[in-house]
Structure formats: C-alpha cells, structure tokens
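Participant: Sharing a structure, written as structure tokens. Questions coming.
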Amino acid sequence: MTVKAIHGEYPVVMMDSVDRFHGNQLVYIGWDYHTSISTANAYPLPPDMPFAALTGAVLPSVLGPHPEFPLIEWDKVEWMLDGKLFHPNMGLSLKDNGIGHKSLIRFRTPGLKGYNNTGN
Amino acid sequence: MAKKLNMRKRYELLTRGLGWEPTYQSKEKVFSNESYEGIKITDWSKWEDPFRLTIDAYWKYQAEKDKKLYAVMDSFAQNNAHLNLADATYVNALKLFIQGVTPLEYQAHRGFARLARQFSGEGAQIACQMQSLDELRHTQTQIHTISHYNKHFNGMHDPFHMHDRVWYLSVPKSYFDDAKSAGPFEFITSVSFAFEYLLTNLLFVPFMSGAAFNGDMATVTFGFSAQSDESRHMTLGLELIKFLLEQHEDNIPIVQGWIDKHFWRAYRVLALVSAMQDYMLPESPMSWKEAWEIYFVENAGALFNDLARYGLRMPKYHEQATAEAEHLSHQVWGTLYNYAHAASMHFWLPDEKKMDWLSEKYPNTFDKYYRPRYEMWAQMAKEGKRFQNGGLPQLCQVCQVPMLFTEVSKDDPMQISYRSSEFNGEKFHTCSDGCKDIFDHEPEKYVHAWLPVHQIFQGNCGGAAIPDILNWYHFKPEDGGDYAGSADETRWKAMHGETTGAASSDTESAEEKAAA
C-alpha cells in the first residue's frame with residue numbers, strides 16, 4: 001500500500017542505502033540467549049573483510065567483557081544468516097559468504113546459555 | 001438594553017458563527033488536507049463539542065490555573081524545596097520528562113494548530129485551537145517547573161536540542177513525527193485517541209504520582225494544572241472517534257487501522273516510562289505491570305466494549321503488550337545500563353530493597369531472569385569491570401527502540417524478537433509483529449527514518465568517537481554514567497551536609513550555604 005500524499009506521488013529516499021556508508025556495509029550481529037547484552041549490535045564493516053575477522057577482532061571488542069565470551073568454542077557455534085542456518089567459510093570475505101548490506105547474523109553457543117543458564 | 005443570552009445561545013454564536021462559505025477559492029482548496037486520507041465527512045454540523053468552552057472563558061480558566069501554579073513554583077524555589085526530595089536519583093525521572101515529554105507537548109501544539117486551520121468544521125477548529133494553546137502552555141509550565149531543578153542538577157540544560165538528535169529521544173520524537181507527517185485525521189486519531197485517551201494515564205500516573213511519592217510538589221502542582229486540560233483532550237479524542245464512525249461506514253476500517261498502528265507506536269514510546277516507573281523512583285506508587293492492568297487492560301477493555309457497536313475492536317497486538325508487562329521495564333532498564341555512558345541522565349543497579357520490591361511485583365519473572373542479570377553486573381562492577389556495551393545497538397526501523405524486545409508471546413522470553421522486510425532491494429528490521437505490520441503497510445514512509453545509529457555511521461553526528469557524538473548532542477561529560485560517583489550525587493550529599501570522597505566546588509558550597 002502506498003502512502004497517501006496531498007500532491008502527486010510520495011517520494012522515496014533510501015536513507016540508509018549502502019553508498020552512504022563510506023565503502024562499508026552495515027551488519028548486525030546478535031548472540032542468542034545472552035540478553036544482558038540487550039540487542040544485536042550494528043557494525044559498519046568492509047564487504048571484503050574475511051569472516052574470521054568477525055570472531056577474531058570485531059566481536060571480542062564488544063562482547064569480550066561478557067563472562068561467557070572467553071568460553072566460546074567457535075568451531076561448535078551455530079550460525080544463522082538472515083533467518084536461515086548458515087555455515088560460514090572463515091577464510092572468505094563477508095560478501096563471498098553471502099552477507100549483504102544490513103544482513104543479520106545470529107549465533108548460538110551450545111552449552112552456553114547465558115550467566116547461570118538464565119539467558120543473560 | 002439587550003437581553004442577556006443564555007449559555008447555549010452565546011456558545012453557538014461564539015463558535016458556529018465563525019464558519020462561512022468561501023467564494024474567492026473553492027472549499028477544497030481552502031481546506032486542502034481534509035479529503036486525501038479517504039475519510040468521508042458528510043455533515044460537520046453533527047460535531048458535538050465535548051466541552052462548551054468559548055475562548056473568553058478559556059482564557060479566564062487558564063489564567064487562574066497559571067496564577068496558582070506559579071505561586072507554588074515561587075514558593076518551591078524560595079524554600080529550596082528540592083532538598084525535601086526522597087533522594088536525588090528521583091531527579092533522573094524529571095530529566096527523562098524534560099528531554100522526552102516536554103518537546104512532545106510542543107510537537108502537539110504545532111500539530112493541533114495545523115488541525116485548527118485544516119478542519120472545515122468550526123466546532124472541531126475551536127477544540128483543536130484550544131488544545132494547541134493547552135499544549136504550548138504545558139510546554140512552558142513544564143520548562144518553568146523543571147528549571148528550578150536545572151539550577152541544582154545536570155542534564156536538563158538543552159532538552160529541545162537533545163530531542164532532535166539523541167538516540168533514546170528519537171523514540172518519542174519519531175512517534176510524533178510519524179503522526180504529524182500524516183493527514184489531520186490520522187494525527188488526531190493518533191494523539192487524541194490512541195495516546196491521550198487510551199494511554200495517557202500510563203504517562204501521567206508514573207510521573208505525577210511518582211512526584212507526589214518522592215516529595216516533588218512542584219511537579220505535582222504542574223500535573224494538577226494540566227489535568228483538567230488532559231480530561232478535555234481525552235474527551236476530544238473519544239468524540240472524534242465517534243464522529244468519524246457515525247459520519248460514514250467507509251471510515252471504520254481506516255480508523256481501525258490507525259488505532260492499531262498508533263496504539264502500538266505509543267505503547268513502544270511508553271517502554272521508556274516503564275523503566276522510569278519501576279527503577280528511577282525511590283518510592284514507587286505502583287509497578288508498570290499494575291498500572292498496565294488498571295489503565296489499559298481494565299479501562300480499555302470497558303471502552304472497546306462500548307465502541308463495539310460502532311464496529312471497532314481492541315487494537316491489534318494488545319495481548320502481546322499485556323504479556324510483555326512482565327518483562328518490559330527490566331529489559332529497557334538493562335539496555336539503558338548498557339549505554340549509561342551515552343546518556344544525559346544517570347542509571348544504576350537496583351539495590352536489595354528495590355530488588356525485593358521488584359520480586360514482589362513481578363513474581364513470575366524477576367527472580368528467574370532479571371535478578372541474576374543484576375547480580376552478574378554487580379559482581380563485575382565489584383571487580384572493577386563495570387559492564388558497558390562498547391558497540392551501538394541495532395534499532396527498530398519503526399519505533400526506533402534498540403531491538404531489545406523478546407519473544408515473550410512465543411514463550412521464549414530470553415530470545416530477542418527479530419522481524420524483517422524487504423523494500424526496494426534493501427532489508428529493514430523491526431522489533432515485533434506490530435512494528436513490522438506498520439512498516440509493511442507504508443514502507444515508503446519508514447525508509448525515511450532518521451535512525452541515530454545509522455546516522456552516526458554515515459558520519460552525520462559530530463564525529464566517530466563517542467565523546468564527539470555526545471558533544472554534538474550537547475551532553476556534558478558529567479551528565480551521564482552511573483549515579484554513584486556522579487556530580488549530582490556529590491552535590492546532593494553536600495546539600496545535606498554529608499561529605500563525600502570527592503571535593504565539592506566553591507559554587508556547590510555556596511549553594512549549600514544558601515540552602516541552609
């Protein structure tokens with residue numbers, strides 16, 4: 001359904017199109033059942049960045065302080081990309097892993113369900 | 001001598017006599033906003049004014065109320081009555097109010113001024129004109145009331161500037177921007193009915209009863225002064241809905257759609273209020289959940305029973321809002337704690353007494369999910385590793401709240417609720433079925449959202465580092481962070497003759513002397 005306008009057609013300006021992010025694309029990453037971190041975080045990342053840099057550098061910079069973060073066994077992590085199960089290739093870039101602008105990556109950590117298993 | 005007119009006649013002459021048929025321009029051109037939303041008005045003369053108030057009587061009443069209010073404010077200031085507050089943490093509720101609510105009053109003033117101009121029925125014009133004036137008066141009286149606190153506490157120095165820029169204030173701002181950029185009938189359905197009629201008690205009870213419970217008589221007096229206006233606004237909201245539904249049956253689905261949308265949007269704005277109510281008030285009159293049960297579940301339930309004969313039903317997803325009442329305030333407070341370093345007010349971990357109160361009020365959820373979280377954070381803070389989120393949150397494209405809400409209705413309350421849509425080849429993320437429906441109905445509108453996090457990454461907010469962004473918000477370094485160790489706390493203790501580790505400045509000592 002289109003927006004009703006007083007005069008003519010309602011204009012569309014894509015406020016968050018990828019060209020506005022200085023060569024980066026937005027990626028959201030959330031750690032399931034760890035709601036003390038409250039939300040998935042948003043990151044502006046180069047599309048050519050290897051996926052391994054996510055687990056090696058990007059996530060530790062934000063999620064590192066969580067007491068369970070150092071316990072994550074990355075080879076056992078279950079990933080989801082935009083709502084579907086996903087097996088990332090750590091050596092390939094975000095783009096070549098199919099991660100697009102404003103993609104949502106979620107991950108679950110078997111055995112780690114938040115502080116004292118409370119989802120925190 | 002002319003015979004004195006009776007009230008009704010006088011009222012008719014002072015209102016209905018104002019309308020005339022334009023001859024230089026067509027009526028459609030003069031009232032160009034009135035038809036494009038698809039609302040059909042067949043006879044404006046059927047409009048029943050909820051209050052037969054003429055503008056001369058209006059001035060008289062408002063002047064009397066202002067006189068009383070300003071007398072109380074003067075005496076509050078002269079007696080340094082801020083010293084009688086239960087605790088200075090309470091002042092953070094006022095910071096949220098002046099930053100988040102007062103600018104909305106001003107937005108409402110502008111919105112109703114437009115309606116007064118655009119409705120062709122004189123009865124509706126007059127009602128909207130008075131409401132526009134009320135809202136401007138509320139803006140001013142709130143600024144005057146809270147300006148006293150601004151002399152003694154941080155974070156209240158530039159609320160209008162902040163409202164236009166700050167990440168957490170984009171939540172109330174975007175709700176009003178949404179209503180104001182819609183047509184006049186959608187605006188009034190949103191503000192007068194969905195917000196003021198259905199939900200206003202959930203805003204005013206926490207703030208005004210909260211003020212009474214915590215020794216803030218200035219805010220209580222402001223609340224009383226606004227209350228008679230608010231009841232007039234609520235009645236306008238209800239009158240408007242009935243009028244639209246009686247005018248034409250084609251209006252029913254349009255109005256129902258607006259009620260669904262704006263109920264959900266207004267409810268999301270109130271998420272901030274829930275956190276304030278349960279966590280910021282040292283003495284709490286009632287919990288968010290209790291307020292929701294009384295003011296929404298009971299009152300709105302009865303209202304929609306009455307409205308059923310017009311073909312209206314309860315707003316969509318109201319059951320979800322009721323289910324979320326067990327979790328809402330805790331989830332929002334936790335998020336604010338994550339980002340206390342980027343706020344113009346203070347947050348803190350609840351103490352044992354508060355946690356026991358929360359356990360009692362939230363027996364199904366607090367001890368199971370949220371007490372452990374606070375215990376974890378308290379432990380981290382004790383070890384010198386106070387938890388803060390070093391990143392920026394994913395925001396909902398519609399309500400602009402960080403995507404913190406969980407799958408409460410799917411019995412999975414520790415899993416974040418993610419929804420998404422595609423438009424024009426781009427992905428858009430929403431926090432709930434309610435917000436996703438709103439996006440999918442008018443995607444062209446919501447792609448225009450000014451999302452603070454994305455704007456920061458685009459480089460439009462003063463810089464890339466947090467201090468640059470906070471400076472662009474006009475936040476001062478002492479405005480945010482934890483309450484413990486804050487300048488507010490130091491000053492509060494100095495006012496009460498308690499010494500803290502931190503040295504108080506000369507001005508604070510002078511203030512203390514003045515207060516004594």
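Scheme for the structure tokens: letters A, B, ... for chains in order shown; per-chain residue numbers from 1; ligand numbers from 1 in order shown.
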Tell me, as a VMD selection string, which residues lie within 12 Å of B:Tyr106, counting only C-alpha atoms; anything in the same chain fewer than 5 positions away does not count.
Facilitator: chain B and resid 98 to 101 111 to 113 131 to 143 159 to 160 163 173 176 to 177 180
Participant: Please determine the contact residues of chain B with respect to chain A at a cut-off of 7 Å, counting only C-alpha atoms, and supply them as number ranges by chain.
Facilitator: B: 33, 36-37, 334-335, 369, 373, 387, 389-394, 402-404, 414-415, 427, 441-442, 444-445, 447-448, 454, 457-458
Participant: With distances taken over only C-alpha atoms, which of A:Ser93, A:Phe51, A:Glu73, A:Leu81 is nearest to A:Arg106?
Facilitator: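 Of all the options, A:Leu81 lies closest to A:Arg106.
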Participant: What does the structure give for the distance between atom CA of B:Thr42 and atom CA of B:Tyr310, in Å to one decimal?
Facilitator: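 So the answer is 17.0 Å.
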Participant: Would you mind listing what lies within 8 Å of B:Tyr337 as a ChimeraX atom specification, with only C-alpha atoms counted and same-chain residues fewer than 6 positions away left out?
Facilitator: /B:347-349,388
Participant: Suppose we keep N, CA and C atoms; can you now write the selection as a PDB file, in the first residue's frame?
Facilitator:
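Once written, part_22.pdb looks like this:
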```
ATOM      1  N   PHE B 347      21.976   6.170  35.436  1.00  0.00           N
ATOM      2  CA  PHE B 347      21.347   4.870  35.660  1.00  0.00           C
ATOM      3  C   PHE B 347      22.149   4.160  36.738  1.00  0.00           C
ATOM      4  N   TRP B 348      21.594   3.083  37.251  1.00  0.00           N
ATOM      5  CA  TRP B 348      22.271   2.401  38.356  1.00  0.00           C
ATOM      6  C   TRP B 348      21.701   1.006  38.491  1.00  0.00           C
ATOM      7  N   LEU B 349      22.371   0.179  39.278  1.00  0.00           N
ATOM      8  CA  LEU B 349      21.833  -1.147  39.572  1.00  0.00           C
ATOM      9  C   LEU B 349      20.874  -1.028  40.755  1.00  0.00           C
ATOM     10  N   GLN B 388      29.677  -2.389  30.239  1.00  0.00           N
ATOM     11  CA  GLN B 388      29.012  -1.440  29.336  1.00  0.00           C
ATOM     12  C   GLN B 388      29.148  -1.957  27.918  1.00  0.00           C
TER      13      GLN B 388
END
```
Participant: With distances taken over only C-alpha atoms, which residue among B:Glu489, B:Asp74, B:Glu196, B:Glu478 lies nearest B:Leu238?
Facilitator: B:Glu196
Participant: May I have the residues within 12 Å of stretch 7-9 of chain B as a PDB file with N, CA and C atoms, in the first residue's frame, using only C-alpha atoms and disregarding those fewer than 2 positions away in the same chain?
Facilitator:
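Here's the written file part09.pdb:
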```pdb
ATOM      1  N   LYS B   3     -31.200  41.847  25.898  1.00  0.00           N
ATOM      2  CA  LYS B   3     -31.375  40.764  26.860  1.00  0.00           C
ATOM      3  C   LYS B   3     -30.100  39.897  26.890  1.00  0.00           C
ATOM      4  N   LYS B   4     -29.726  39.466  28.079  1.00  0.00           N
ATOM      5  CA  LYS B   4     -28.533  38.613  28.198  1.00  0.00           C
ATOM      6  C   LYS B   4     -28.820  37.241  27.577  1.00  0.00           C
ATOM      7  N   LEU B   5     -27.870  36.742  26.789  1.00  0.00           N
ATOM      8  CA  LEU B   5     -28.085  35.459  26.112  1.00  0.00           C
ATOM      9  C   LEU B   5     -27.902  34.312  27.087  1.00  0.00           C
ATOM     10  N   TYR B  11     -22.825  30.383  23.352  1.00  0.00           N
ATOM     11  CA  TYR B  11     -21.802  29.465  22.876  1.00  0.00           C
ATOM     12  C   TYR B  11     -21.904  29.280  21.356  1.00  0.00           C
ATOM     13  N   GLU B  12     -23.138  29.120  20.887  1.00  0.00           N
ATOM     14  CA  GLU B  12     -23.325  28.913  19.443  1.00  0.00           C
ATOM     15  C   GLU B  12     -22.860  30.116  18.641  1.00  0.00           C
ATOM     16  N   LEU B  13     -23.181  31.286  19.174  1.00  0.00           N
ATOM     17  CA  LEU B  13     -22.775  32.491  18.444  1.00  0.00           C
ATOM     18  C   LEU B  13     -21.260  32.665  18.439  1.00  0.00           C
ATOM     19  N   LEU B  14     -20.651  32.280  19.538  1.00  0.00           N
ATOM     20  CA  LEU B  14     -19.201  32.467  19.645  1.00  0.00           C
ATOM     21  C   LEU B  14     -18.403  31.384  18.914  1.00  0.00           C
ATOM     22  N   THR B  15     -19.061  30.286  18.533  1.00  0.00           N
ATOM     23  CA  THR B  15     -18.321  29.249  17.806  1.00  0.00           C
ATOM     24  C   THR B  15     -18.878  29.068  16.403  1.00  0.00           C
ATOM     25  N   ARG B  16     -20.104  28.582  16.314  1.00  0.00           N
ATOM     26  CA  ARG B  16     -20.634  28.231  14.997  1.00  0.00           C
ATOM     27  C   ARG B  16     -20.730  29.419  14.051  1.00  0.00           C
ATOM     28  N   GLY B  17     -20.864  30.610  14.606  1.00  0.00           N
ATOM     29  CA  GLY B  17     -20.948  31.786  13.755  1.00  0.00           C
ATOM     30  C   GLY B  17     -19.657  32.082  13.013  1.00  0.00           C
ATOM     31  N   ASP B  49     -19.577  19.352  20.516  1.00  0.00           N
ATOM     32  CA  ASP B  49     -18.414  19.764  21.287  1.00  0.00           C
ATOM     33  C   ASP B  49     -18.461  19.125  22.654  1.00  0.00           C
ATOM     34  N   PHE B  51     -16.844  19.905  25.324  1.00  0.00           N
ATOM     35  CA  PHE B  51     -16.914  20.932  26.361  1.00  0.00           C
ATOM     36  C   PHE B  51     -17.387  22.203  25.675  1.00  0.00           C
ATOM     37  N   ARG B  52     -18.431  22.782  26.189  1.00  0.00           N
ATOM     38  CA  ARG B  52     -18.899  24.010  25.535  1.00  0.00           C
ATOM     39  C   ARG B  52     -18.091  25.178  26.086  1.00  0.00           C
ATOM     40  N   LEU B  53     -16.868  25.248  25.663  1.00  0.00           N
ATOM     41  CA  LEU B  53     -15.958  26.244  26.199  1.00  0.00           C
ATOM     42  C   LEU B  53     -15.699  27.283  25.115  1.00  0.00           C
ATOM     43  N   THR B  54     -15.927  28.535  25.455  1.00  0.00           N
ATOM     44  CA  THR B  54     -15.617  29.602  24.491  1.00  0.00           C
ATOM     45  C   THR B  54     -14.255  30.176  24.840  1.00  0.00           C
ATOM     46  N   ALA B  57     -13.902  32.313  28.032  1.00  0.00           N
ATOM     47  CA  ALA B  57     -13.901  31.535  29.268  1.00  0.00           C
ATOM     48  C   ALA B  57     -12.594  30.761  29.403  1.00  0.00           C
TER      49      ALA B  57
END
```
